[in-house]
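Just below is one structure, and these are the notes that go with it.
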Amino acid sequence: MKILYLGPYSPLVDFLKTKGDLTTTENKTSPEFLSQFKWIFSYGYRHILTHNHIKSSQNPIINLHISYLPWNRGSNPNYWSWVNNTIKGVTIHYVDEGIDTGDIVLQKEVKFNSDETLFTSYNKLKKEIEKLFITNFENITKGIILPKPQPQGGSLHYKKDFPGVKSWDIKTKNLIKMTDLEIIDAVEAVRTKNNKNWMDVLRVAFKHAPEEARPILAEINKSDGEISRLLDKLANNK
């Protein structure tokens with residue numbers, strides 16, 4: 001079975017080598033070139049596949065996209081999923097003439113912890129979609145999994161929309177866009193928690209247990225830092 005892999009190297013290349021006669025490329029291709037292959041898989045491919053490309057393929061072209069479609073189609077999906085606080089996950093879908101609009105073959109929601117960075121969340125999404133593809137490869141190529149149309153709505157972002165980041169190690173929680181009222185609510189929630197911390201400190205202090213008081217004071221300082229961050233976000237929320 002002749003297989004074409006479109007995109008930069010990933011662990012899927014080694015996997016697909018075990019499934020047939022594999023060709024890989026990151027370059028632009030022609031419809032005539034694509035017509036040689038039984039199956040074509042796209043993962044991180046940077047070039048447009050036209051109507052003629054799609055029609056020339058022996059089977060539907062399969063694309064792997066690290067977002068939970070229809071949310072965050074297009075460029076930098078992981079970044080936008082945090083900024084817009086949308087559902088996060090991965091999707092395997094058919095390629096059509098739109099941008100990540102083809103029928104969904106498989107998708108999986110991915111949960112993250114509060115300490116994620118853009119770097120760690122991106123790597124988790126990559127691992128999840130590669131695992132999903134490898135686990136279901138036979139079902140996909142045998143037509144056992146029936147695709148379904150994407151839901152209405154969602155979002156789309158182009159490369160030009162990405163403002164850039166100073167570091168990929170930025171905490172994802174700092175990217176979430178919040179309304180003014182959401183920020184105020186968050187401040188209130190932190191202050192409510194902090195008031196309880198102060199009461200706990202007083203109780204321990206009155207019991208003359210300074211060693212027990214120290215970790216509580218550490219939590220207070222941590223919460224005060226969170227309040228400062230939220231107030232700074234409120235002051236600069238545009």
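By convention here, the chains of the structure tokens are called A, B, ... in the order presented, each chain's residues are numbered starting at 1, and ligands are numbered starting at 1 in the order presented.
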List every residue of range 6-41 of chain A that DSSP, applied to the backbone, labels as helix (DSSP H, G or I), and write the result as a PyMOL selection string. chain A and resi 11-17+31-34
Between range 17-47 of chain A and range 69-77 of chain A, at 12 Å or less, what are the per-residue closest atom pairs and their distances in Å? Count only C-alpha atoms, order by chain and rising residue number, and return it as a tab-separated table.
residue	atom	partner	partner_atom	distance
A:Gly44	CA	A:Ser75	CA	9.9
A:Tyr45	CA	A:Ser75	CA	11.1
A:Arg46	CA	A:Ser75	CA	9.7
A:His47	CA	A:Gly74	CA	11.9
Restricted to C-alpha atoms, what would the selected residues look like written as a PDB file, in the first residue's frame?
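Now in out_26.pdb:
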ATOM      1  CA  GLY A  44       1.416  20.180  10.194  1.00  0.00           C
ATOM      2  CA  TYR A  45       1.447  20.635   6.405  1.00  0.00           C
ATOM      3  CA  ARG A  46       1.812  24.313   5.441  1.00  0.00           C
ATOM      4  CA  HIS A  47       0.461  24.321   1.885  1.00  0.00           C
TER       5      HIS A  47
END
From the set A:Leu132, A:Lys171, A:Lys127, A:Ser81, which residue has the shortest atom-to-atom contact distance to Ser114 in chain A, counting only C-alpha atoms? A:Lys171
According to DSSP computed on the backbone, where in range 83-235 of chain A is there strand (DSSP E or B)? Give the residues as a compact mmCIF listing (two decimals) with C-alpha atoms, in the first residue's frame.
# COMPACT_ATOMS: atom_id res chain seq x y z
CA GLY A 89 -8.59 18.81 22.27
CA VAL A 90 -7.53 17.15 19.03
CA THR A 91 -9.35 16.21 15.81
CA ILE A 92 -8.71 13.86 12.90
CA HIS A 93 -10.78 14.94 9.89
CA TYR A 94 -11.19 14.79 6.14
CA ILE A 104 -14.73 14.71 11.58
CA VAL A 105 -13.39 11.16 11.77
CA LEU A 106 -12.27 11.20 15.41
CA GLN A 107 -11.75 13.77 18.12
CA LYS A 108 -10.88 13.85 21.80
CA GLU A 109 -11.21 16.52 24.45
CA THR A 117 2.54 26.51 29.66
CA LYS A 148 -19.64 13.20 10.70
CA LEU A 156 -10.89 30.45 12.62
CA HIS A 157 -7.51 32.18 12.96
CA LYS A 171 1.67 30.13 31.78
Contacts of Glu116 in chain A within 9 Å, only C-alpha atoms, excl. fewer than 4 positions in-chain, as a PDB file with C-alpha atoms, in the first residue's frame:
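Dumped everything to part-v8.pdb:
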ATOM      1  CA  PHE A 112      -5.027  20.368  31.396  1.00  0.00           C
ATOM      2  CA  THR A 120       3.700  21.758  27.762  1.00  0.00           C
ATOM      3  CA  SER A 121       0.129  22.025  26.482  1.00  0.00           C
ATOM      4  CA  ASP A 169       7.026  28.837  28.626  1.00  0.00           C
ATOM      5  CA  ILE A 170       4.356  31.433  29.413  1.00  0.00           C
ATOM      6  CA  LYS A 171       1.668  30.131  31.782  1.00  0.00           C
ATOM      7  CA  THR A 172      -1.495  29.432  29.826  1.00  0.00           C
ATOM      8  CA  LYS A 173      -3.679  30.844  32.621  1.00  0.00           C
TER       9      LYS A 173
END
Applying 12 Å and only C-alpha atoms, which residues near Tyr9 in chain A remain after dropping the ones on its own chain fewer than 6 positions away? List them as a ChimeraX atom specification. /A:15-16,23-26,42-45
If we count only C-alpha atoms, what is near Ser30 in chain A at a cut-off of 10 Å, once residues fewer than 4 positions away on the same chain are taken out, given as a ChimeraX atom specification? /A:34-35,49-50,52-53,56
Measuring between only C-alpha atoms, which one of A:Tyr79, A:Asp96, A:Asp232, A:Asn221 shows the shortest distance to Asp161 in chain A?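 Closest to Asp161 in chain A, using only C-alpha atoms: A:Tyr79.
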Non-local contacts of Arg191 in chain A (9 Å; only C-alpha atoms; under 5 positions in same chain excluded) as a PyMOL selection string: chain A and resi 186+196+223-224+227
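Between Ser67 in chain A and the residues A:Glu128, A:Glu219, A:Asp14, A:Asp115, the shortest atom-to-atom distance, using only C-alpha atoms, involves A:Glu128.
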